[in-house]
Amino acid sequence: MVDYRAGLPGRLIPILHNLRGKDVPVELPHTVYVGHWEGQERVFRDMLVCQNLDARYGQKKVAVSNRPQERKREALCQKLQTQEKRIATAQRKVQEYTERIEALEQEAQQKQTENQAGVAALRQASREATTPKQRERLLVRAERLAAKGQVQRVRLQERRRRLVAHRRTWQQKLTERQGKHQKVVQALQELEDRPFYDFDLEKDNLMTYLRMAGENAHRFVQERYFANTLLEKVDEATMARVVYNQPGWVRRQGQYLHVLLQGYSDPKVQAAIARACQRVNQAQVKLPGGHWLHMEV
């Protein structure tokens, strides 16, 4: 049935549906009916009798990109980029800790050399001292310097141990991330580019629009010219049999196109058609060819 809720009474819109709920969105009937679904055959089966729109064109396949595969490939590519960034971070950390360990070893070697040189100088000075008190004082300084060097070596070794542990942790992370990266690369290589097709429903949608246009034209004729008559509420198939396909004569005369319909045996139908013809003449309908329509029965 025709929905009149979208405008003033008598305003037709090209949507046919029986959704009467107040919560039904305006765009829902269009979305449902334009799509290719089985309900169309049930909704429009009564219209096929009077309209020559029952042709079946089939469904054309259109080659498109394999969207499921594309989504998988896109997800894997994003995962691959993430893994590459994580691998770069792990490599940078390993390199950073390696450089810090090397710098610490050089520092430890330099401090040890300086400490040994200082201890050796103090001991040499103690041997050259002229008094026992001076010799004892130099030996004490040498022992303190040697003890300080030992403490420094222990601290540097502890720092090196911590740095080596951190580097080992990042090396393990690097190995793990490289394994995950290899799995993602392998998954990308295993993706198959299988052909993918979509149904082209352009012809189906076009036929749907034509059917709706024919139904709306029928409703318009009933409302405009057959209001308050016997034929106001009849279905389209009956109107096609009684009115639209009624034999008659057509004659051009000047600016007018005269249409004379064959009479009816039923007086009520004859009266309804006569009243409709009178309304058509009063409306002064101008045809696309430029002629004015004049109807009689």
# chains A, B, ... in the order shown; residues from 1 in each chain; ligands from 1

call {"tool": "residues_around", "arguments": {"residues": "range 189-195 of chain A", "least_positions_apart": "3", "cutoff": "8 Å", "atoms": "only C-alpha atoms", "output": "ChimeraX atom specification"}}
result
/A:63-66,69,73,185-186

call {"tool": "residues_around", "arguments": {"residues": "range 148-154 of chain A", "least_positions_apart": "3", "cutoff": "8 Å", "atoms": "only C-alpha atoms", "output": "number ranges by chain"}}
result
A: 108, 111-112, 115, 144-145, 157-158

call {"tool": "residues_around", "arguments": {"residues": "Gln246 in chain A", "least_positions_apart": "6", "cutoff": "9 Å", "atoms": "only C-alpha atoms", "output": "JSON, numbers by chain"}}
result
{"A": [240, 261, 262]}

call {"tool": "residues_around", "arguments": {"residues": "range 218-234 of chain A", "least_positions_apart": "2", "cutoff": "6 Å", "atoms": "only C-alpha atoms", "output": "ChimeraX atom specification"}}
result
/A:215-216,272,276,279

call {"tool": "closest_residue", "arguments": {"among": "A:Leu122, A:Leu156, A:Leu80, A:Leu139", "to": "Ile101 in chain A", "atoms": "only C-alpha atoms"}}
result
A:Leu156

call {"tool": "residues_around", "arguments": {"residues": "Arg167 in chain A", "least_positions_apart": "4", "cutoff": "8 Å", "atoms": "only C-alpha atoms", "output": "list in words"}}
result
Lys93, Val94, Tyr97, Thr98, Leu163 and Gln171 of chain A

call {"tool": "write_last_selection", "arguments": {"atoms": "C-alpha atoms", "output": "PDB file, in the first residue's frame"}}
result
ATOM      1  CA  LYS A  93      68.276  -1.737  23.228  1.00  0.00           C
ATOM      2  CA  VAL A  94      70.760  -4.570  22.638  1.00  0.00           C
ATOM      3  CA  TYR A  97      73.545  -2.057  26.394  1.00  0.00           C
ATOM      4  CA  THR A  98      76.472  -3.446  24.402  1.00  0.00           C
ATOM      5  CA  LEU A 163      74.035  -4.386  32.193  1.00  0.00           C
ATOM      6  CA  GLN A 171      68.370 -10.416  23.239  1.00  0.00           C
TER       7      GLN A 171
END

call {"tool": "residues_around", "arguments": {"residues": "Glu176 in chain A", "least_positions_apart": "4", "cutoff": "12 Å", "atoms": "only C-alpha atoms", "output": "list in words"}}
result
Gln83, Arg86, Ile87, Ala90, Thr169, Trp170, Gln171, Gln172, Lys180, His181, Gln182 and Lys183 of chain A

call {"tool": "write_last_selection", "arguments": {"atoms": "all heavy atoms", "output": "CSV table (one decimal), in the first residue's frame"}}
result
chain,number,residue,atom,x,y,z
A,83,GLN,N,55.4,-5.5,14.4
A,83,GLN,CA,56.6,-6.4,14.8
A,83,GLN,C,57.9,-5.8,14.3
A,83,GLN,O,58.9,-5.9,15.0
A,83,GLN,CB,56.4,-7.8,14.1
A,83,GLN,CG,55.2,-8.6,14.7
A,83,GLN,CD,55.4,-8.9,16.1
A,83,GLN,OE1,56.5,-9.0,16.6
A,83,GLN,NE2,54.3,-9.2,16.8
A,86,ARG,N,58.9,-3.3,16.9
A,86,ARG,CA,59.3,-3.9,18.1
A,86,ARG,C,60.7,-4.5,17.9
A,86,ARG,O,61.5,-4.5,18.9
A,86,ARG,CB,58.3,-4.9,18.5
A,86,ARG,CG,56.9,-4.4,18.8
A,86,ARG,CD,56.0,-5.4,19.4
A,86,ARG,NE,56.4,-5.9,20.7
A,86,ARG,CZ,55.9,-6.9,21.4
A,86,ARG,NH1,54.9,-7.6,20.8
A,86,ARG,NH2,56.4,-7.2,22.6
A,87,ILE,N,61.0,-5.1,16.8
A,87,ILE,CA,62.3,-5.6,16.5
A,87,ILE,C,63.3,-4.5,16.5
A,87,ILE,O,64.4,-4.7,17.1
A,87,ILE,CB,62.3,-6.4,15.2
A,87,ILE,CG1,61.5,-7.7,15.3
A,87,ILE,CG2,63.7,-6.7,14.7
A,87,ILE,CD1,61.3,-8.5,14.0
A,90,ALA,N,64.1,-3.6,20.1
A,90,ALA,CA,64.9,-4.6,20.7
A,90,ALA,C,66.3,-4.5,20.2
A,90,ALA,O,67.3,-4.6,21.0
A,90,ALA,CB,64.3,-6.0,20.5
A,169,THR,N,68.3,-10.1,28.5
A,169,THR,CA,66.8,-10.0,28.4
A,169,THR,C,66.3,-9.5,27.1
A,169,THR,O,65.4,-10.0,26.4
A,169,THR,CB,66.3,-9.1,29.5
A,169,THR,OG1,66.7,-9.7,30.8
A,169,THR,CG2,64.7,-9.1,29.5
A,170,TRP,N,67.0,-8.4,26.6
A,170,TRP,CA,66.6,-7.8,25.3
A,170,TRP,C,67.0,-8.7,24.2
A,170,TRP,O,66.3,-8.7,23.1
A,170,TRP,CB,67.2,-6.4,25.2
A,170,TRP,CG,66.4,-5.4,25.9
A,170,TRP,CD1,66.7,-4.7,27.1
A,170,TRP,CD2,65.1,-4.8,25.5
A,170,TRP,NE1,65.7,-3.9,27.4
A,170,TRP,CE2,64.8,-3.9,26.5
A,170,TRP,CE3,64.3,-5.1,24.4
A,170,TRP,CZ2,63.6,-3.2,26.4
A,170,TRP,CZ3,63.1,-4.4,24.3
A,170,TRP,CH2,62.7,-3.4,25.3
A,171,GLN,N,68.0,-9.5,24.3
A,171,GLN,CA,68.4,-10.4,23.2
A,171,GLN,C,67.3,-11.5,23.1
A,171,GLN,O,67.0,-11.9,22.0
A,171,GLN,CB,69.7,-11.0,23.5
A,171,GLN,CG,70.9,-10.1,23.2
A,171,GLN,CD,72.2,-10.7,23.6
A,171,GLN,OE1,72.3,-11.6,24.4
A,171,GLN,NE2,73.3,-10.1,23.1
A,172,GLN,N,66.8,-12.0,24.3
A,172,GLN,CA,65.7,-12.9,24.3
A,172,GLN,C,64.5,-12.4,23.6
A,172,GLN,O,63.8,-13.0,22.8
A,172,GLN,CB,65.4,-13.4,25.7
A,172,GLN,CG,66.6,-14.2,26.3
A,172,GLN,CD,66.3,-14.6,27.8
A,172,GLN,OE1,65.3,-14.1,28.3
A,172,GLN,NE2,67.2,-15.4,28.4
A,180,LYS,N,58.1,-14.2,15.8
A,180,LYS,CA,56.8,-13.8,15.4
A,180,LYS,C,56.7,-13.0,14.1
A,180,LYS,O,55.8,-13.2,13.3
A,180,LYS,CB,56.2,-12.8,16.5
A,180,LYS,CG,56.0,-13.5,17.9
A,180,LYS,CD,55.5,-12.5,18.9
A,180,LYS,CE,55.2,-13.2,20.2
A,180,LYS,NZ,54.7,-12.3,21.3
A,181,HIS,N,57.7,-12.3,13.8
A,181,HIS,CA,57.8,-11.6,12.5
A,181,HIS,C,57.9,-12.6,11.4
A,181,HIS,O,57.2,-12.4,10.3
A,181,HIS,CB,59.0,-10.6,12.5
A,181,HIS,CG,59.2,-9.9,11.2
A,181,HIS,ND1,59.9,-10.4,10.2
A,181,HIS,CD2,58.7,-8.7,10.8
A,181,HIS,CE1,59.9,-9.5,9.2
A,181,HIS,NE2,59.2,-8.5,9.5
A,182,GLN,N,58.6,-13.6,11.5
A,182,GLN,CA,58.8,-14.6,10.5
A,182,GLN,C,57.4,-15.3,10.3
A,182,GLN,O,57.0,-15.6,9.1
A,182,GLN,CB,59.8,-15.6,10.9
A,182,GLN,CG,60.1,-16.7,9.8
A,182,GLN,CD,60.7,-16.0,8.5
A,182,GLN,OE1,61.3,-15.0,8.6
A,182,GLN,NE2,60.4,-16.7,7.4
A,183,LYS,N,56.7,-15.6,11.4
A,183,LYS,CA,55.4,-16.2,11.2
A,183,LYS,C,54.4,-15.3,10.4
A,183,LYS,O,53.6,-15.8,9.6
A,183,LYS,CB,54.8,-16.5,12.6
A,183,LYS,CG,55.5,-17.7,13.3
A,183,LYS,CD,54.9,-17.9,14.7
A,183,LYS,CE,55.6,-19.1,15.4
A,183,LYS,NZ,55.0,-19.3,16.7

call {"tool": "closest_residue", "arguments": {"among": "A:Lys268, A:Arg252, A:Arg123, A:His258", "to": "Val280 in chain A", "atoms": "only C-alpha atoms"}}
result
A:His258

call {"tool": "select_by_dssp", "arguments": {"residues": "range 42-271 of chain A", "states": "alpha helix (DSSP H)", "output": "PyMOL selection string"}}
result
chain A and resi 42-43+67-128+132-190+202-225+236-239+267-271

call {"tool": "atom_distance", "arguments": {"atom1": "CA of Gln116 in chain A", "atom2": "CA of Arg141 in chain A"}}
result
12.7 Å

call {"tool": "closest_residue", "arguments": {"among": "A:Leu188, A:Val140, A:Ala146, A:Leu104", "to": "Arg159 in chain A", "atoms": "only C-alpha atoms"}}
result
A:Leu104

call {"tool": "atom_distance", "arguments": {"atom1": "CA of Val269 in chain A", "atom2": "CA of Pro288 in chain A"}}
result
28.8 Å

call {"tool": "select_by_dssp", "arguments": {"residues": "range 161-284 of chain A", "states": "strand (DSSP E)", "output": "list in words"}}
result
Phe196, Tyr197, Asp198, Phe199, Asp200, Gly248, Trp249, Val250, Arg251, Arg252, Gln253, Tyr256, Leu257, His258, Val259, Leu260 and Leu261 of chain A

call {"tool": "write_last_selection", "arguments": {"atoms": "C-alpha atoms", "output": "compact mmCIF listing (two decimals), in the first residue's frame"}}
result
# COMPACT_ATOMS: atom_id res chain seq x y z
CA PHE A 196 35.85 -12.69 -5.78
CA TYR A 197 32.57 -11.61 -7.37
CA ASP A 198 29.63 -9.39 -6.47
CA PHE A 199 26.11 -9.52 -7.86
CA ASP A 200 25.20 -6.52 -10.00
CA GLY A 248 -11.90 2.29 -27.80
CA TRP A 249 -11.10 4.79 -30.52
CA VAL A 250 -8.49 7.55 -30.74
CA ARG A 251 -8.84 10.59 -33.00
CA ARG A 252 -6.73 13.71 -33.35
CA GLN A 253 -8.50 16.97 -33.98
CA TYR A 256 -6.99 17.76 -28.93
CA LEU A 257 -6.59 14.02 -28.77
CA HIS A 258 -10.06 12.51 -28.42
CA VAL A 259 -10.34 9.10 -26.75
CA LEU A 260 -13.68 7.31 -26.93
CA LEU A 261 -13.94 4.21 -24.74

call {"tool": "closest_residue", "arguments": {"among": "A:Leu174, A:Cys77, A:Met239, A:Leu210", "to": "Ala187 in chain A", "atoms": "only C-alpha atoms"}}
result
A:Cys77
